[in-house]
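Accompanying notes for the structure given below.
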Amino acid sequence: MTPEDVLAALDPEQRTAVEAIRGPVCILAGAGTGKTRTITHRIAYGALIGAAPAEQVLAVTFTTRAASELRTRLRGLGVGQVAARTFHAAALAQLKYFWPRIVGGGFPEIVESKLRLVGAAAARARVTPGSAELKDLAAEIEWAKSTLSGPDGYPAAAAAARRSPPLPAPKVAEVYTAYEALKGERGLLDFEDLLLVTAVALEDHGDVAAEVRARYRYFVVDEYQDVTPVQQRLLNAWLGGREELCVVGDASQTIYSFTGASANHLLDFPRRHPQATVVRLVRDYRSTPQVVSLARSVLADAPSRLELVAQRPAGAAPVFREFADEPAEAEGVARRCRELIDAGTRPDEIAVLYRINAQSAAYEAALAGHGIAYLVRGGERFFDRPEIRQAIGLLRGAARSDGGGGDLVAGVSDVLSATGWTATAPDGPGAVRERWESVRALLGLAEELAAGNPRADLADLVAELAERTAAQHPPIVAGVTLGSLHSAKGLEWDAVFLVGLVDGVLPITYAVTEEQIAEERRLLYVGITRARQHIWLSWAGSRVPGGRRGRSPSRFLDGLTPGGTGPPVGRPGRGPRPGPVMCRVCGKPVRAPVERTLGRCAGCPGSLDEGLFDRLKAWRLDAARTLGQPAYCVFTDATLTAIAEQKPATTEALEAIPGVGATKLTKFGPAVLDLVAAAG
């Protein structure tokens with residue numbers, strides 16, 4: 001491949017980015033604008049013209065799947081020597097290599113999951129969290145370490161970031177202190193340590209820094225809007241003041257602030273690097289004009305948005321649908337999936353995306369009822385499935401005795417038949433069909449490999465599978481994808497269903513600050529921009545059949561329906577959305593979610609019964625532990641505050657408080673009313 005071949009078929013903006021070989025370079029790449037194509041072609045072009053040798057390039061991204069995709073594309077461009085890794089994988093490789101020199105002794109064990117260690121740390125701090133609180137504590141420690149906040153500085157950092165920790169901040173700091181002490185006593189490192197310890201090794205050991213910087217002279221960072229402070233510190237240590245750096249990102253797709261990520265690293269890049277070349281990619285090759293227009297409307301007021309310009313022909317209008325309840329919504333989605341599949345859309349080109357994983361159950365049942373295969377992102381990992389382990393074992397054995405030169409696809413089919421697999425799919429959905437689809441995906445991978453290299457044999461397939469297993473990069477399984485909006489980042493489908501779009505879910509109840517609400521809006525934007533041709537947005541007025549239709553469609557849908565189909569967006573039912581809630585103290589409109597729940601402005605005095613509030617919180621903690629859920633899933637602090645202020649004496653008065661609703665009234669109402677009555 002020649003440099004001219006690499007530049008061919010790039011649009012003008014992509015070509016500008018590719019030809020900007022020497023750093024610093026900032027590529028602002030909107031959804032569907034060919035980001036991965038641009039950075040891989042830039043790396044290949046630099047290597048081919050001799051400006052940035054492939055073996056001196058380190059390309060880092062955030063998921064093993066994305067890193068695997070980079071390596072695959074770079075190999076196709078003839079530059080397989082490039083190191084394309086996640087931040088953690090790159091840090092681990094360097095730290096293992098230099099450990100004998102900087103510390104000595106055996107390399108520490110890596111903590112795969114913090115939960116057990118955090119549980120032991122909590123016990124040492126005299127805390128007995130439930131399973132849900134334990135997960136939240138682990139997440140809080142991860143956030144603190146990602147933002148370079150130590151135990152002593154955690155309370156102030158959490159307050160500044162408006163965090164809602166599962167325990168009082170000083171108590172979280174105690175658990176954090178105990179966690180760090182336990183790691184030291186047991187000789188362990190966690191994933192955040194990999195980044196920080198590597199950065200410190202480079203900062204404190206000149207010989208180590210010199211060796212790493214001689215090895216890697218050119219850096220590319222994908223998804224730069226998701227960089228955390230500890231990752232930025234490691235990147236700075238790698239660079240050592242040099243500016244051969246290309247960053248790629250889109251501030252409109254910043255959806256991981258809760259983990260410590262900050263788009264400021266991307267947005268401030270031109271200020272930190274005044275000589276930087278800045279390129280904006282805005283030609284959207286993924287989505288129809290209708291999808292792009294909808295996405296633009298969602299972020300119409302965002303100052304840092306990229307104004308995408310659709311390049312595809314016109315397609316179907318966005319669909320907006322309101323349903324009486326969640327089962328009816330799931331049934332409507334499944335019915336439409338069946339129509340799309342019957343019309344020729346492949347099941348694996350359809351996705352149903354929701355805000356929280358607990359929403360998946362209704363869609364699993366509805367799709368199964370229509371005989372539609374599906375897979376849940378975030379479920380059991382593909383390469384961990386027993387049928388896949390068995391099939392790969394058989395393929396390895398066959399590869400050892402294979403003389404090469406045969407038909408790869410036929411050979412794989414013969415091997416798979418030894419597992420009981422047949423070319424004919426079993427009838428209906430269920431576990432048997434899921435196993436069949438999983439094994440069929442291996443045959444599909446063989447077909448893909450043979451199409452790219454007609455001389456590929458079983459050994460080539462086994463090598464590909466080994467690399468994909470290490471990277472957890474599974475082949476495509478032929479089923480409708482069910483997944484959270486967060487899990488959909490970086491993926492795309494022909495048809496995307498965005499479901500459960502009601503206030504309290506999107507935006508989620510605990511999003512209260514302006515920035516948190518803005519991030520929830522960006523999450524909807526990310527969901528919309530996953531769609532190539534068809535986009536569906538739906539919501540249900542009630543959670544259960546026959547329930548009170550008191551839920552409002554997401555405020556993010558306001559004004560989006562012109563040009564779509566279905567009812568205008570408003571309150572469930574036929575009436576328009578009511579006017580603003582008025583403060584019961586000063587009479588002024590209140591708009592913030594917490595203020596609407598309290599029924600008053602945040603600055604207006606409340607008449608809080610502190611004793612009742614404390615008893616309500618203690619009751620909530622017990623209820624959450626019993627259910628195995630976070631405390632806020634029972635009632636938020638704002639709802640408990642409203643109850644302790646208003647002291648509702650009747651079922652009707654309790655139901656009128658935002659955040660209660662019919663389902664929670666039935667489940668928790670009697671206990672809450674008893675507590676209120678006891679308070680007098």
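Each chain in the structure tokens gets a letter, A, B, ..., in the order shown, and its residues are numbered from 1; ligands are numbered from 1 in order too.
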
Where does segment 405-510 of chain A meet segment 339-360 of chain A within 12 Å, residue by residue, with the nearest atom pair and distance in Å to one decimal for each, counting only C-alpha atoms, listed by chain and rising number, as a tab-separated table?
residue	atom	partner	partner_atom	distance
A:Glu437	CA	A:Asp348	CA	10.9
A:Ala441	CA	A:Asp348	CA	11.2
A:Pro475	CA	A:Asp348	CA	11.1
A:Ile476	CA	A:Asp348	CA	7.3
A:Val477	CA	A:Asp348	CA	6.7
A:Ala478	CA	A:Asp348	CA	4.9
A:Gly479	CA	A:Asp348	CA	4.7
A:Val480	CA	A:Pro347	CA	4.8
A:Thr481	CA	A:Ala351	CA	4.5
A:Leu482	CA	A:Val352	CA	5.0
A:Gly483	CA	A:Leu353	CA	5.1
A:Ser484	CA	A:Tyr354	CA	4.9
A:Leu485	CA	A:Leu353	CA	5.5
A:His486	CA	A:Arg355	CA	7.8
A:Ser487	CA	A:Leu353	CA	8.8
A:Ala488	CA	A:Leu353	CA	7.6
A:Lys489	CA	A:Leu353	CA	10.9
A:Leu491	CA	A:Ala351	CA	10.0
A:Glu492	CA	A:Glu349	CA	8.1
A:Trp493	CA	A:Glu349	CA	4.7
A:Asp494	CA	A:Glu349	CA	5.2
A:Ala495	CA	A:Ile350	CA	4.8
A:Val496	CA	A:Ala351	CA	4.9
A:Phe497	CA	A:Val352	CA	4.6
A:Leu498	CA	A:Leu353	CA	5.1
A:Val499	CA	A:Tyr354	CA	5.5
A:Gly500	CA	A:Tyr354	CA	6.5
A:Leu501	CA	A:Tyr354	CA	8.1
A:Val502	CA	A:Arg355	CA	10.1
A:Asp503	CA	A:Arg355	CA	11.3
A:Gly504	CA	A:Arg355	CA	10.3
A:Val505	CA	A:Arg355	CA	6.6
A:Leu506	CA	A:Arg355	CA	6.6
A:Pro507	CA	A:Arg355	CA	8.7
A:Ile508	CA	A:Arg355	CA	8.0
A:Thr509	CA	A:Arg355	CA	11.4

Expected file contents, prior selection, C-alpha atoms, as a short mmCIF file (atom, residue, chain, number, x, y, z; two decimals), in the first residue's frame:
data_model
loop_
_atom_site.label_atom_id
_atom_site.label_comp_id
_atom_site.auth_asym_id
_atom_site.auth_seq_id
_atom_site.Cartn_x
_atom_site.Cartn_y
_atom_site.Cartn_z
CA GLU A 437 -26.50 -18.66 17.56
CA ALA A 441 -21.07 -16.86 15.14
CA PRO A 475 -17.93 -12.10 16.71
CA ILE A 476 -21.43 -10.90 15.94
CA VAL A 477 -24.23 -13.11 17.23
CA ALA A 478 -27.42 -13.02 15.14
CA GLY A 479 -29.88 -11.57 17.63
CA VAL A 480 -31.45 -8.26 18.60
CA THR A 481 -29.16 -6.40 21.00
CA LEU A 482 -30.54 -5.38 24.39
CA GLY A 483 -28.30 -2.97 26.25
CA SER A 484 -27.97 0.18 28.30
CA LEU A 485 -27.31 3.50 26.63
CA HIS A 486 -23.85 3.54 28.20
CA SER A 487 -23.02 0.11 26.77
CA ALA A 488 -23.97 1.26 23.25
CA LYS A 489 -21.16 3.82 23.04
CA LEU A 491 -21.59 0.86 18.30
CA GLU A 492 -24.19 1.28 15.57
CA TRP A 493 -27.21 -0.51 14.14
CA ASP A 494 -29.67 -0.08 11.28
CA ALA A 495 -32.58 0.29 13.70
CA VAL A 496 -32.43 1.61 17.26
CA PHE A 497 -35.26 1.64 19.81
CA LEU A 498 -34.83 4.08 22.70
CA VAL A 499 -37.31 2.98 25.33
CA GLY A 500 -38.56 3.97 28.78
CA LEU A 501 -38.02 7.68 28.08
CA VAL A 502 -39.77 9.16 31.11
CA ASP A 503 -38.67 11.78 33.62
CA GLY A 504 -37.05 10.02 36.53
CA VAL A 505 -35.43 7.49 34.20
CA LEU A 506 -33.97 9.84 31.57
CA PRO A 507 -32.90 12.07 33.15
CA ILE A 508 -32.38 9.67 36.02
CA THR A 509 -33.84 10.76 39.36
#

Give me the residues within 9 Å of Thr33 of chain A as a ChimeraX atom specification, counting only C-alpha atoms and dropping any in the same chain fewer than 4 places off.
/A:14,29,37-38,281-286,308

Worksheet item: Where does DSSP see helix (DSSP H, G or I) in segment 26-260 of chain A, if you list the residues as a ChimeraX atom specification?
Response: /A:35-48,54-56,64-76,87-102,115-124,131-146,154-160,169-186,191-204,206-215,224-226,229-239,251-253,257-259

Atom CA of Glu520 of chain A to atom CA of Phe556 of chain A measures 9.1 Å

Please list as a count of residues only every residue within 7 Å of segment 130-144 of chain A, counting only C-alpha atoms and excluding residues in the same chain fewer than 6 positions away.
15

Can you pull out the residues contacting Glu211 of chain A? Cut-off 12 Å, using only C-alpha atoms, and skip same-chain residues under 4 positions away; I want them as a VMD selection string. chain A and resid 56 94 97 to 98 201 to 202 205 to 207 215 to 217 238 240

Can you pull out every residue within 8 Å of Thr651 of chain A, counting only C-alpha atoms, but drop anything in the same chain fewer than 4 positions away, and send it as a PDB file with N, CA and C atoms, in the first residue's frame?
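Everything below was put into selection.pdb:
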ATOM      1  N   GLU A 655     -49.267  10.025  48.032  1.00  0.00           N
ATOM      2  CA  GLU A 655     -49.115   9.796  46.597  1.00  0.00           C
ATOM      3  C   GLU A 655     -48.871  11.089  45.842  1.00  0.00           C
ATOM      4  N   LEU A 665     -46.232   3.488  46.387  1.00  0.00           N
ATOM      5  CA  LEU A 665     -47.277   3.695  47.381  1.00  0.00           C
ATOM      6  C   LEU A 665     -47.778   2.351  47.905  1.00  0.00           C
ATOM      7  N   GLY A 669     -46.045   2.494  51.151  1.00  0.00           N
ATOM      8  CA  GLY A 669     -46.955   3.477  51.747  1.00  0.00           C
ATOM      9  C   GLY A 669     -47.330   3.202  53.189  1.00  0.00           C
ATOM     10  N   LEU A 673     -46.494   5.844  56.223  1.00  0.00           N
ATOM     11  CA  LEU A 673     -47.581   6.522  56.934  1.00  0.00           C
ATOM     12  C   LEU A 673     -47.546   6.192  58.425  1.00  0.00           C
TER      13      LEU A 673
END

Check: Counting only C-alpha atoms, what is within 9 Å of Glu364 of chain A, bar same-chain residues fewer than 4 positions away, as a list in words?
Finding: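 Close residues of Glu364 of chain A: Ala330, Ser360, Ala368, Gly369, Tyr374, Leu375, Val376 and Leu482 of chain A.
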